Amino acid sequence: MALMDGMSQNAVQTAIPFSLSGEELEQFHQAYLGVLEQKQALEMRVRKSEERRRALMHILSDLNTLNRKLVDQRKAMIHILADYEQDRSRLARQTERLDNSRRALLHILQDSHQSNLRLENSRKAMIHIMRDLKETTEEVQRREQELREKQEQLVQAGKLATLGELTTGVAHELNNPLNNIGLFVGNVIDLIELGTADTDKQRILRELTSAMQQVRKATEIISHLRTFGRVASVSQEPVEIIQVIRRSLSLMQEQLRLRQIEVRIQIPAGEVLVIGNAIQLEQVFINLL
């Protein structure tokens with residue numbers, strides 16, 4: 001400070017071209033120092049003001065940035081409010097639709113309950129119908145069984161009636177092989193009585209063989225009559241129709257001969273199979289003849 005005072009005094013003395021007294025110089029020096037202090041204080045205030053200005057500029061810049069952010073946030077808030085309003089309207093519509101759906105669901109549940117009641121009544125009615133149907137089916141089956149039994153009885157009665165009508169022809173059919181058997185056996189007896197049995201064995205063998213053929217023929221006729229007259233179930237199966245026709249003609253042969261009727265059969269090549277009952281078909285052909 002003393003150095004500054006010395007420098008100040010030298011500067012004052014140098015700056016002032018005229019001479020001053022010591023007291024005046026001291027006053028002038030004090031005034032000069034006051035001016036310097038004021039200058040320094042003023043410079044300090046200027047620097048502080050500059051710093052405040054810079055700080056204020058930063059604050060203003062921050063405020064501008066904040067204002068822009070606030071503007072953006074305000075715009076975003078406006079969009080959010082608009083979206084909220086749209087969502088609120090959409091929610092109101094959805095709430096209305098949900099309420100309508102709830103009412104519709106209540107109606108559906110009521111209709112479903114009514115339908116369940118009707119279904120239960122229908123089920124009970126169906127149970128009664130099924131019970132009645134079962135009883136009706138059993139009655140129909142019983143009637144069908146009775147009808148089949150009566151049909152079999154009618155068929156059997158028809159066969160017995162046919163056998164009664166064929167008695168004469170069948171007796172003749174049996175009489176022929178019996179007469180032939182008697183003839184062949186008589187020839188053998190004659191050969192034995194004449195004492196030529198040892199020398200004529202071949203003839204005896206032929207006569208006995210012919211007699212056995214006539215026995216088989218009579219057996220076939222009797223077997224055929226027994227089969228025709230037997231009570232048989234009404235079943236359907238493949239039948240060789242030519243054999244049925246031949247058996248029918250064999251039973252009717254004597255009747256046809258007595259009436260002088262000649263029957264000619266044109267037999268196709270191979271088997272002719274039909275689905276039916278052999279005994280019933282045979283009776284049909286006999287009735288036709």
# chains A, B, ... in the order shown; residues from 1 in each chain; ligands from 1

call {"tool": "residues_around", "arguments": {"residues": "Val239 in chain A", "least_positions_apart": "6", "cutoff": "8 Å", "atoms": "only C-alpha atoms", "output": "list in words"}}
result
Leu273, Val274, Ile275, Gly276, Asn277 and Ala278 of chain A

call {"tool": "write_last_selection", "arguments": {"atoms": "C-alpha atoms", "output": "mmCIF file, in the first residue's frame"}}
result
data_model
loop_
_atom_site.group_PDB
_atom_site.id
_atom_site.type_symbol
_atom_site.label_atom_id
_atom_site.label_comp_id
_atom_site.auth_asym_id
_atom_site.auth_seq_id
_atom_site.Cartn_x
_atom_site.Cartn_y
_atom_site.Cartn_z
ATOM 1 C CA LEU A 273 -79.287 -121.429 -59.070
ATOM 2 C CA VAL A 274 -82.083 -119.438 -57.466
ATOM 3 C CA ILE A 275 -82.591 -118.169 -53.912
ATOM 4 C CA GLY A 276 -85.569 -119.903 -52.300
ATOM 5 C CA ASN A 277 -86.867 -122.954 -50.444
ATOM 6 C CA ALA A 278 -86.532 -126.252 -52.322
#

call {"tool": "select_by_dssp", "arguments": {"residues": "range 53-288 of chain A", "states": "alpha helix (DSSP H)", "output": "PyMOL selection string"}}
result
chain A and resi 53-165+167-193+201-229+241-258+278-288

call {"tool": "residues_around", "arguments": {"residues": "Asn180 in chain A", "least_positions_apart": "4", "cutoff": "12 Å", "atoms": "only C-alpha atoms", "output": "mmCIF file with C-alpha atoms, in the first residue's frame"}}
result
data_model
loop_
_atom_site.group_PDB
_atom_site.id
_atom_site.type_symbol
_atom_site.label_atom_id
_atom_site.label_comp_id
_atom_site.auth_asym_id
_atom_site.auth_seq_id
_atom_site.Cartn_x
_atom_site.Cartn_y
_atom_site.Cartn_z
ATOM 1 C CA GLU A 173 -94.234 -145.662 -58.843
ATOM 2 C CA LEU A 174 -93.578 -147.972 -55.901
ATOM 3 C CA ASN A 175 -95.434 -150.885 -57.509
ATOM 4 C CA ASN A 176 -93.145 -150.944 -60.552
ATOM 5 C CA PHE A 184 -85.639 -160.669 -60.423
ATOM 6 C CA VAL A 185 -85.802 -162.574 -57.137
ATOM 7 C CA GLY A 186 -88.171 -165.132 -58.724
ATOM 8 C CA ASN A 187 -85.688 -165.712 -61.526
ATOM 9 C CA GLU A 207 -80.602 -160.596 -61.383
ATOM 10 C CA LEU A 208 -79.687 -159.684 -57.800
ATOM 11 C CA THR A 209 -77.927 -156.486 -58.951
ATOM 12 C CA SER A 210 -81.037 -155.471 -60.894
ATOM 13 C CA ALA A 211 -83.155 -156.212 -57.824
ATOM 14 C CA MET A 212 -80.907 -153.972 -55.692
ATOM 15 C CA GLN A 213 -81.256 -151.174 -58.248
ATOM 16 C CA GLN A 214 -85.039 -151.431 -57.964
ATOM 17 C CA VAL A 215 -84.717 -151.407 -54.155
ATOM 18 C CA LYS A 217 -85.270 -146.684 -56.698
ATOM 19 C CA ALA A 218 -88.078 -147.503 -54.262
#
